[in-house]
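Everything on this sheet refers to the single structure shown next.
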Amino acid sequence: MSLALVGANVGTGVPPVPAAKERLGAIDVGSNSIRLLVAEYDPAAGLSVIDEVKDQPRLAQRLAATGMLDPAAMERAMEALRRMREVCQRRGVSRIAAVATSAVREAKNGKEFVRLVREQLDIPLRIIDGDKEARLSFRSVAHHFRLDAGRSVIADIGGGSLELIASVKGLIEQKVSLPFGAVRLTEAFMADRRDPRKAVRDLRAMVRKKFRKDLSLRKWQAQTVIGSGGSFTNLGRMVVARRGIPASDSVHGVSVTVSEVEQLLEWLETMNPEQRRQVAGLSPLRADIILAGLAVTVELLERVDAREVVVSAFGLREGLLLEMVGKGVAEPHRQDPLLLAREFVERCQGDRRHVEQVRRLALMLFDQIGERTGCGPDERRLLEYAGLLHDVGQLVSYRGHHKHSLQLILNADRLNFSARDRLLVALISRYHRKAGPSKKHELFVQLPEEDQAVVRRVSGLLRLADGLDRGHTAVVETLRTRLTVDKLTVTVAPRLAGSDCSLEVWGAERKSDVLAKVLGREIVIRTG
C-alpha cells in the first residue's frame with residue numbers, strides 16, 4: 001500500500017487540512033523508545049486514537065561512551081519501524097510524520113541511520129533539535145491542559161535529554177534542553193555501581209548543581225508542573241497503585257506530590273532491577289532506568305518550588321499530529337465536557353434517546369431531592385455526565401455492560417474530566433445496574449470515605465432515573481417527588497395521556513434500593 005508521507009516540510013508551512021475521517025500517523029524515534037500513534041481526524045470530534053505501537057530498541061545504548069549509534073540498537077530500531085510501517089498500511093494511514101530526537105541528532109552516524117530508514121523503509125524520518133522537540137511536547141500539553149492561569153513548567157524526560165519549557169499564561173517564555181535523559185544518566189551513574197542509593201545521591205547532586213546554574217528561580221518558579229514521557233506515566237501508575245487504586249491504562253491528569261516521588265524513589269533504591277520489574281504500575285522494560293527518571297523529577301520539582309507534578313499521557317507524537325492537522329481541532333479543555341461526552345456516546349454507538357432521557361430525569365430528581373440526600377452542587381455535574389455515559393459499555397457487550405462502561409470511561413482520554421471526576425463518573429456509571437456500591441469492590445473501597453458517599457448518593461439517583469426509562473421509549477415526561485419521614489413517593493406522568501408507564505414503574509422500583517438506603521426511607525413509584 002502506498003502512503004502519502006509527510007516528512008521534512010512538516011511545520012515549515014501551512015499543513016494541508018485533513019479530509020474528514022482521514023487517518024494520520026506520527027512516529028517518535030527517541031533515545032529509549034520508538035512510538036507510533038495512529039489517529040483519525042474528524043472536523044467535529046477532532047483526533048481519535050485508532051492504534052498505537054511502542055518498542056524499546058534503546059538507540060542511546062552506549063552512545064555516551066562511543067559517540068555512535070550501536071549497530072545492534074540500529075537493527076532493533078529498523079525492525080521496530082518496519083513493524084510500524086506495516087501497522088500504518090493495515091490501518092489505512094494516508095500521511096505519516098516521523099521525527100528523531102536526542103540520540104540520533106547527537107550520534108556521529110545519526111544521519112546515516114536516517115538515510116537507511118528513508119531508503120529501506122520509505123519512512124521520511126527527520127532529525128529535530130531540542131527546541132523543536134520541546135515545542136511539539138508543549139503543543140500537546142497545551143492542547144489538553146489549561147495553561148492560561150499563572151506560570152507553568154512542561155517537562156519531557158526522554159532517554160537522552162530533558163526538555164523544559166516555562167510558560168506564562170499559556171505563552172512560552174523560556175526553553176532549555178539538558179542531557180538528563182533516563183538512559184544517558186543510568187549509563188553514566190549506575191551501569192557499574194553496586195549501591196543504587198549512592199549512585200542516586202551522586203546523580204541528584206550533579207543534576208541539582210546544573211539546575212541551580214541553568215534554571216533561575218525568577219524565570220522557572222512555577223505554580224504547575226506537567227510531565228510527559230515514559231518516566232512520568234510510569235510514575236503516575238506506580239503512585240496510583242501504591243494508593244491502593246487499581247491503575248487504568250491511562251493516568252492522564254493524575255497529580256503526584258513531591259513527597260510521593262521521594263518515597264517511591266527511596267523504596268525503589270532498595271531493589272535490584274529484577275525486583276523492580278515486579279513493582280505494580282512499572283513497565284518491566286523501564287525497571288533499569290526508572291531511578292534516573294525519578295531522581296530528575298524530584299530535583300526539578302524542588303528547584304522550581306512546585307508541590308506536585310501532573311502527569312500528561314500525551315507527548316511529542318500528539319504534537320506531531322496536531323501540527324499535521326493545523327488549527328482544525330479545538331483543545332479538549334476548551335470544549336464543553338457535555339459535548340465531548342455526547343461525542344463519546346456516538347463513538348460507542350450508544351442509544352442517544354435513552355441516555356438523554358435518563359440524564360433529564362436524573363436531573364429532575366436531583367433538583368427536587370438532591371439536597372435532602374446530602375448532595376452538593378458539584379454532584380449535579382457528575383450525575384449529568386454519568387447519565388450520558390452509563391451505557392457506553394454496550395459497545396463491548398450487553399452482558400456486564402456496566403463494568404465495561406467503567407473501563408471505557410476510565411480510559412477515554414478525550415473526555416474533559418479531572419482525574420477525580422473521571423473515577424467518580426466511571427464508578428457511578430458502573431453502579432447504574434446490578435449490585436450497588438459495595439465494600440467488596442476494590443476500586444470503590446479504595447476511595448476516600450467522602451467520595452464513597454458521593455458515589456452512593458449519585459448512583460442512587462442515576463439508578464432510579466435509568467429504571468424510569470426501562471423500555472428505552474422515553475415515555476415518562478415529568479416526575480414529582482414527596483418526601484416524608486418514612487417514605488419517598490415518586491409520581492410519574494407520561495408524555496402522552498393514556499400511555500402505559502407500568503414497565504417504567506416496575507424498572508424504577510427494582511432500582512430504588514441504593515437511594516432508599518441513602519435516604520433511610522421506603523421508595524414508592526406510581527403514575528398519576
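Scheme for the C-alpha cells: letters A, B, ... for chains in order shown; per-chain residue numbers from 1; ligand numbers from 1 in order shown.
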Please list as a list in words every residue within 9 Å of Arg433 (chain A), counting only C-alpha atoms and excluding residues in the same chain fewer than 3 positions away.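 Answer for this query is His402, Ser429, Arg430, Gly436, Arg463, Asp466 and Lys511 of chain A.
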Would you mind exporting the chosen residues as a PDB file, in the first residue's frame, restricted to N, CA and C atoms?
ATOM      1  N   HIS A 402     -22.276  -2.636  32.391  1.00  0.00           N
ATOM      2  CA  HIS A 402     -21.964  -1.633  33.409  1.00  0.00           C
ATOM      3  C   HIS A 402     -20.482  -1.678  33.776  1.00  0.00           C
ATOM      4  N   SER A 429     -21.388   5.321  36.937  1.00  0.00           N
ATOM      5  CA  SER A 429     -21.934   4.630  35.766  1.00  0.00           C
ATOM      6  C   SER A 429     -21.935   3.121  35.973  1.00  0.00           C
ATOM      7  N   ARG A 430     -20.889   2.618  36.574  1.00  0.00           N
ATOM      8  CA  ARG A 430     -20.784   1.172  36.824  1.00  0.00           C
ATOM      9  C   ARG A 430     -21.937   0.683  37.706  1.00  0.00           C
ATOM     10  N   GLY A 436     -25.299  -2.442  43.804  1.00  0.00           N
ATOM     11  CA  GLY A 436     -24.878  -1.075  44.057  1.00  0.00           C
ATOM     12  C   GLY A 436     -23.486  -1.029  44.654  1.00  0.00           C
ATOM     13  N   ARG A 463     -29.657   5.300  39.196  1.00  0.00           N
ATOM     14  CA  ARG A 463     -30.340   4.009  39.064  1.00  0.00           C
ATOM     15  C   ARG A 463     -31.849   4.217  38.933  1.00  0.00           C
ATOM     16  N   ASP A 466     -32.646   5.641  35.524  1.00  0.00           N
ATOM     17  CA  ASP A 466     -32.485   4.624  34.480  1.00  0.00           C
ATOM     18  C   ASP A 466     -33.669   3.668  34.478  1.00  0.00           C
ATOM     19  N   LYS A 511     -34.791  -0.649  40.951  1.00  0.00           N
ATOM     20  CA  LYS A 511     -33.519   0.049  41.078  1.00  0.00           C
ATOM     21  C   LYS A 511     -33.546   1.136  42.156  1.00  0.00           C
TER      22      LYS A 511
END
Do you know which residues are at most 9 Å from Ala341 (chain A) counting only C-alpha atoms, after dropping those on the same chain fewer than 5 positions away, and could you put them as a list in words?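 The contact residues come out as Asp336, Glu346, Tyr385, Leu388, Leu389, Arg414, Leu415 and Asn416 of chain A.
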Hey, which of A:Ala295, A:Val200, A:Val141, A:Val425 ends up closest to Ile154 (chain A)? Count only C-alpha atoms.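 Of all the options, A:Val141 lies closest to Ile154 (chain A).
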Top pick for closest residue to Ser512 (chain A), considering A:Glu269, A:Leu462, A:Ala497, A:Val358 and counting only C-alpha atoms: A:Leu462
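Residues of region 270-316 of chain A that DSSP places in helix (DSSP H, G or I), based on the backbone of this structure, are Pro273, Glu274, Gln275, Arg276, Pro284, Leu285, Arg286, Ile290, Leu291, Ala292, Gly293, Leu294, Ala295, Val296, Thr297, Val298, Glu299, Leu300, Leu301, Glu302, Arg303 and Leu316 of chain A.
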Write to file, as an mmCIF file, in the first residue's frame, the residues of the selection just made, with N, CA, C and O atoms.
data_model
loop_
_atom_site.group_PDB
_atom_site.id
_atom_site.type_symbol
_atom_site.label_atom_id
_atom_site.label_comp_id
_atom_site.auth_asym_id
_atom_site.auth_seq_id
_atom_site.Cartn_x
_atom_site.Cartn_y
_atom_site.Cartn_z
ATOM 1 N N PRO A 273 17.197 -4.515 39.768
ATOM 2 C CA PRO A 273 16.290 -4.391 38.612
ATOM 3 C C PRO A 273 15.244 -5.490 38.520
ATOM 4 O O PRO A 273 14.097 -5.223 38.139
ATOM 5 N N GLU A 274 15.606 -6.727 38.872
ATOM 6 C CA GLU A 274 14.633 -7.819 38.797
ATOM 7 C C GLU A 274 13.488 -7.594 39.773
ATOM 8 O O GLU A 274 12.318 -7.851 39.445
ATOM 9 N N GLN A 275 13.793 -7.105 40.973
ATOM 10 C CA GLN A 275 12.735 -6.815 41.944
ATOM 11 C C GLN A 275 11.863 -5.652 41.476
ATOM 12 O O GLN A 275 10.644 -5.666 41.654
ATOM 13 N N ARG A 276 12.498 -4.669 40.859
ATOM 14 C CA ARG A 276 11.715 -3.527 40.379
ATOM 15 C C ARG A 276 10.768 -3.934 39.257
ATOM 16 O O ARG A 276 9.715 -3.312 39.074
ATOM 17 N N PRO A 284 8.123 -3.366 33.084
ATOM 18 C CA PRO A 284 9.362 -4.122 33.292
ATOM 19 C C PRO A 284 10.510 -3.628 32.421
ATOM 20 O O PRO A 284 11.678 -3.712 32.826
ATOM 21 N N LEU A 285 10.192 -3.100 31.226
ATOM 22 C CA LEU A 285 11.240 -2.625 30.328
ATOM 23 C C LEU A 285 11.879 -1.318 30.809
ATOM 24 O O LEU A 285 12.902 -0.898 30.278
ATOM 25 N N ARG A 286 11.272 -0.688 31.804
ATOM 26 C CA ARG A 286 11.801 0.573 32.321
ATOM 27 C C ARG A 286 12.403 0.398 33.719
ATOM 28 O O ARG A 286 12.850 1.369 34.341
ATOM 29 N N ILE A 290 14.361 3.645 35.668
ATOM 30 C CA ILE A 290 13.371 4.466 36.363
ATOM 31 C C ILE A 290 13.984 5.306 37.470
ATOM 32 O O ILE A 290 13.515 6.415 37.760
ATOM 33 N N LEU A 291 15.043 4.801 38.122
ATOM 34 C CA LEU A 291 15.655 5.579 39.198
ATOM 35 C C LEU A 291 16.156 6.922 38.688
ATOM 36 O O LEU A 291 15.982 7.959 39.346
ATOM 37 N N ALA A 292 16.764 6.915 37.520
ATOM 38 C CA ALA A 292 17.266 8.166 36.953
ATOM 39 C C ALA A 292 16.115 9.112 36.640
ATOM 40 O O ALA A 292 16.190 10.319 36.927
ATOM 41 N N GLY A 293 15.044 8.591 36.064
ATOM 42 C CA GLY A 293 13.898 9.429 35.744
ATOM 43 C C GLY A 293 13.283 10.055 36.981
ATOM 44 O O GLY A 293 12.938 11.249 36.992
ATOM 45 N N LEU A 294 13.137 9.281 38.053
ATOM 46 C CA LEU A 294 12.549 9.812 39.283
ATOM 47 C C LEU A 294 13.480 10.800 39.968
ATOM 48 O O LEU A 294 13.035 11.797 40.559
ATOM 49 N N ALA A 295 14.787 10.543 39.906
ATOM 50 C CA ALA A 295 15.753 11.462 40.514
ATOM 51 C C ALA A 295 15.688 12.832 39.845
ATOM 52 O O ALA A 295 15.698 13.876 40.519
ATOM 53 N N VAL A 296 15.622 12.843 38.526
ATOM 54 C CA VAL A 296 15.498 14.110 37.806
ATOM 55 C C VAL A 296 14.181 14.795 38.162
ATOM 56 O O VAL A 296 14.128 16.022 38.379
ATOM 57 N N THR A 297 13.117 14.019 38.272
ATOM 58 C CA THR A 297 11.803 14.581 38.583
ATOM 59 C C THR A 297 11.797 15.293 39.923
ATOM 60 O O THR A 297 11.332 16.435 40.048
ATOM 61 N N VAL A 298 12.299 14.636 40.944
ATOM 62 C CA VAL A 298 12.231 15.237 42.281
ATOM 63 C C VAL A 298 13.133 16.457 42.390
ATOM 64 O O VAL A 298 12.781 17.457 43.035
ATOM 65 N N GLU A 299 14.288 16.428 41.735
ATOM 66 C CA GLU A 299 15.162 17.602 41.755
ATOM 67 C C GLU A 299 14.536 18.770 40.999
ATOM 68 O O GLU A 299 14.661 19.932 41.409
ATOM 69 N N LEU A 300 13.841 18.475 39.908
ATOM 70 C CA LEU A 300 13.170 19.536 39.158
ATOM 71 C C LEU A 300 12.061 20.171 39.994
ATOM 72 O O LEU A 300 11.948 21.403 40.056
ATOM 73 N N LEU A 301 11.245 19.345 40.640
ATOM 74 C CA LEU A 301 10.153 19.873 41.452
ATOM 75 C C LEU A 301 10.682 20.758 42.574
ATOM 76 O O LEU A 301 10.110 21.821 42.876
ATOM 77 N N GLU A 302 11.759 20.333 43.190
ATOM 78 C CA GLU A 302 12.335 21.134 44.267
ATOM 79 C C GLU A 302 12.926 22.434 43.737
ATOM 80 O O GLU A 302 12.816 23.489 44.368
ATOM 81 N N ARG A 303 13.529 22.383 42.554
ATOM 82 C CA ARG A 303 14.162 23.589 42.009
ATOM 83 C C ARG A 303 13.127 24.644 41.622
ATOM 84 O O ARG A 303 13.354 25.850 41.856
ATOM 85 N N LEU A 316 5.092 14.033 22.435
ATOM 86 C CA LEU A 316 5.584 14.525 21.161
ATOM 87 C C LEU A 316 4.766 14.017 19.978
ATOM 88 O O LEU A 316 4.504 14.753 19.034
#
Which one is closest to Asp367 (chain A): A:Asp70, A:Glu379, A:Asp214, A:Asp28? Count only C-alpha atoms. A:Glu379
For Leu37 (chain A), which residue among A:Val104, A:Leu69, A:Val153, A:Leu24 is the nearest when counting only C-alpha atoms? A:Leu24
Distance query Leu63 (chain A) at most 10 Å, only C-alpha atoms, self and fewer than 3 positions along chain excluded, as a ChimeraX atom specification: /A:31,58-60,66-70,103-104,106-108,160,183-184,187
Output file for the residues above (N, CA, C and O atoms, as a PDB file, in the first residue's frame):
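Produced file selection_1.pdb, reproduced below:
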ATOM      1  N   SER A  31      15.395   8.200  22.241  1.00  0.00           N
ATOM      2  CA  SER A  31      16.641   7.570  22.677  1.00  0.00           C
ATOM      3  C   SER A  31      16.408   6.220  23.332  1.00  0.00           C
ATOM      4  O   SER A  31      17.273   5.341  23.302  1.00  0.00           O
ATOM      5  N   ARG A  58      16.314   1.018  22.519  1.00  0.00           N
ATOM      6  CA  ARG A  58      17.419   1.654  23.249  1.00  0.00           C
ATOM      7  C   ARG A  58      18.497   2.178  22.292  1.00  0.00           C
ATOM      8  O   ARG A  58      19.665   1.786  22.353  1.00  0.00           O
ATOM      9  N   LEU A  59      18.099   3.092  21.420  1.00  0.00           N
ATOM     10  CA  LEU A  59      19.063   3.655  20.474  1.00  0.00           C
ATOM     11  C   LEU A  59      20.224   4.361  21.165  1.00  0.00           C
ATOM     12  O   LEU A  59      21.318   4.464  20.600  1.00  0.00           O
ATOM     13  N   ALA A  60      19.988   4.876  22.360  1.00  0.00           N
ATOM     14  CA  ALA A  60      21.040   5.604  23.070  1.00  0.00           C
ATOM     15  C   ALA A  60      22.024   4.689  23.789  1.00  0.00           C
ATOM     16  O   ALA A  60      22.980   5.171  24.414  1.00  0.00           O
ATOM     17  N   THR A  66      30.663   5.966  23.111  1.00  0.00           N
ATOM     18  CA  THR A  66      31.255   5.820  21.775  1.00  0.00           C
ATOM     19  C   THR A  66      30.967   6.990  20.836  1.00  0.00           C
ATOM     20  O   THR A  66      31.667   7.164  19.839  1.00  0.00           O
ATOM     21  N   GLY A  67      29.918   7.745  21.129  1.00  0.00           N
ATOM     22  CA  GLY A  67      29.517   8.818  20.219  1.00  0.00           C
ATOM     23  C   GLY A  67      28.805   8.303  18.980  1.00  0.00           C
ATOM     24  O   GLY A  67      28.520   9.079  18.067  1.00  0.00           O
ATOM     25  N   MET A  68      28.496   7.016  18.963  1.00  0.00           N
ATOM     26  CA  MET A  68      27.887   6.391  17.788  1.00  0.00           C
ATOM     27  C   MET A  68      26.654   5.595  18.195  1.00  0.00           C
ATOM     28  O   MET A  68      26.570   5.080  19.311  1.00  0.00           O
ATOM     29  N   LEU A  69      25.703   5.485  17.279  1.00  0.00           N
ATOM     30  CA  LEU A  69      24.594   4.561  17.479  1.00  0.00           C
ATOM     31  C   LEU A  69      25.116   3.139  17.342  1.00  0.00           C
ATOM     32  O   LEU A  69      25.824   2.814  16.377  1.00  0.00           O
ATOM     33  N   ASP A  70      24.812   2.302  18.316  1.00  0.00           N
ATOM     34  CA  ASP A  70      25.276   0.923  18.307  1.00  0.00           C
ATOM     35  C   ASP A  70      24.620   0.156  17.157  1.00  0.00           C
ATOM     36  O   ASP A  70      23.405   0.275  16.937  1.00  0.00           O
ATOM     37  N   ALA A 103      19.133  10.981  20.704  1.00  0.00           N
ATOM     38  CA  ALA A 103      20.168  10.007  20.364  1.00  0.00           C
ATOM     39  C   ALA A 103      20.630  10.155  18.921  1.00  0.00           C
ATOM     40  O   ALA A 103      21.836  10.186  18.631  1.00  0.00           O
ATOM     41  N   VAL A 104      19.669  10.261  17.998  1.00  0.00           N
ATOM     42  CA  VAL A 104      20.019  10.313  16.580  1.00  0.00           C
ATOM     43  C   VAL A 104      20.695  11.645  16.239  1.00  0.00           C
ATOM     44  O   VAL A 104      21.647  11.691  15.445  1.00  0.00           O
ATOM     45  N   GLU A 106      22.559  13.461  18.134  1.00  0.00           N
ATOM     46  CA  GLU A 106      23.889  13.575  18.734  1.00  0.00           C
ATOM     47  C   GLU A 106      24.894  12.587  18.161  1.00  0.00           C
ATOM     48  O   GLU A 106      26.107  12.817  18.226  1.00  0.00           O
ATOM     49  N   ALA A 107      24.424  11.475  17.624  1.00  0.00           N
ATOM     50  CA  ALA A 107      25.324  10.424  17.165  1.00  0.00           C
ATOM     51  C   ALA A 107      26.054  10.832  15.878  1.00  0.00           C
ATOM     52  O   ALA A 107      25.469  11.455  14.987  1.00  0.00           O
ATOM     53  N   LYS A 108      27.293  10.470  15.785  1.00  0.00           N
ATOM     54  CA  LYS A 108      28.076  10.766  14.584  1.00  0.00           C
ATOM     55  C   LYS A 108      27.488  10.071  13.355  1.00  0.00           C
ATOM     56  O   LYS A 108      27.635  10.566  12.232  1.00  0.00           O
ATOM     57  N   GLY A 160      17.513  10.365  26.207  1.00  0.00           N
ATOM     58  CA  GLY A 160      18.774  11.083  26.112  1.00  0.00           C
ATOM     59  C   GLY A 160      18.764  12.471  26.695  1.00  0.00           C
ATOM     60  O   GLY A 160      19.820  12.989  27.074  1.00  0.00           O
ATOM     61  N   VAL A 183      18.110   7.048  30.036  1.00  0.00           N
ATOM     62  CA  VAL A 183      19.114   6.077  29.602  1.00  0.00           C
ATOM     63  C   VAL A 183      20.519   6.646  29.780  1.00  0.00           C
ATOM     64  O   VAL A 183      21.425   5.982  30.308  1.00  0.00           O
ATOM     65  N   ARG A 184      20.712   7.879  29.356  1.00  0.00           N
ATOM     66  CA  ARG A 184      22.026   8.514  29.456  1.00  0.00           C
ATOM     67  C   ARG A 184      22.516   8.547  30.915  1.00  0.00           C
ATOM     68  O   ARG A 184      23.658   8.189  31.210  1.00  0.00           O
ATOM     69  N   GLU A 187      23.387   5.033  32.371  1.00  0.00           N
ATOM     70  CA  GLU A 187      24.689   4.540  31.927  1.00  0.00           C
ATOM     71  C   GLU A 187      25.832   5.289  32.611  1.00  0.00           C
ATOM     72  O   GLU A 187      26.863   4.697  32.938  1.00  0.00           O
TER      73      GLU A 187
END
May I ask which of the residues A:Ile157, A:Cys501, A:Ala80, A:Leu443 is the closest one to Ala241 (chain A), counting only C-alpha atoms?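 Using only C-alpha atoms, the shortest distance to Ala241 (chain A) belongs to A:Leu443.
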Just the number, please: distance in Å from CA of Arg317 (chain A) to CA of Ala26 (chain A), one decimal.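 Computed distance, CA of Arg317 (chain A) to CA of Ala26 (chain A), equals 5.4 Å.
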Compile the contact shell of Arg90 (chain A) as a ChimeraX atom specification: residues with an atom at most 12 Å away, counting only C-alpha atoms, same-chain residues fewer than 2 positions apart removed. /A:1-3,23,25,38,50-51,83-88,92-94
Point-to-point distance in Å for CA of Gly319 (chain A) and CA of Leu171 (chain A):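 Separation between CA of Leu171 (chain A) and CA of Gly319 (chain A): 16.1 Å.
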List every residue of region 244-329 of chain A that DSSP, applied to the backbone of this structure, places in strand (DSSP E or B), and write the result as a compact mmCIF listing (two decimals) with C-alpha atoms, in the first residue's frame.
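Printed below is result.txt as written:
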# COMPACT_ATOMS: atom_id res chain seq x y z
CA SER A 255 -1.23 14.56 40.37
CA VAL A 256 1.81 13.23 42.26
CA THR A 257 3.27 15.13 45.21
CA GLU A 308 3.39 18.27 42.72
CA VAL A 309 3.61 17.18 39.11
CA VAL A 310 0.58 16.50 36.90
CA VAL A 311 1.01 13.56 34.52
CA SER A 312 0.21 14.04 30.85
Which of these residues is nearest to Ile245 (chain A), using only C-alpha atoms: A:Arg105, A:His441, A:Lys21, A:Arg456? A:His441
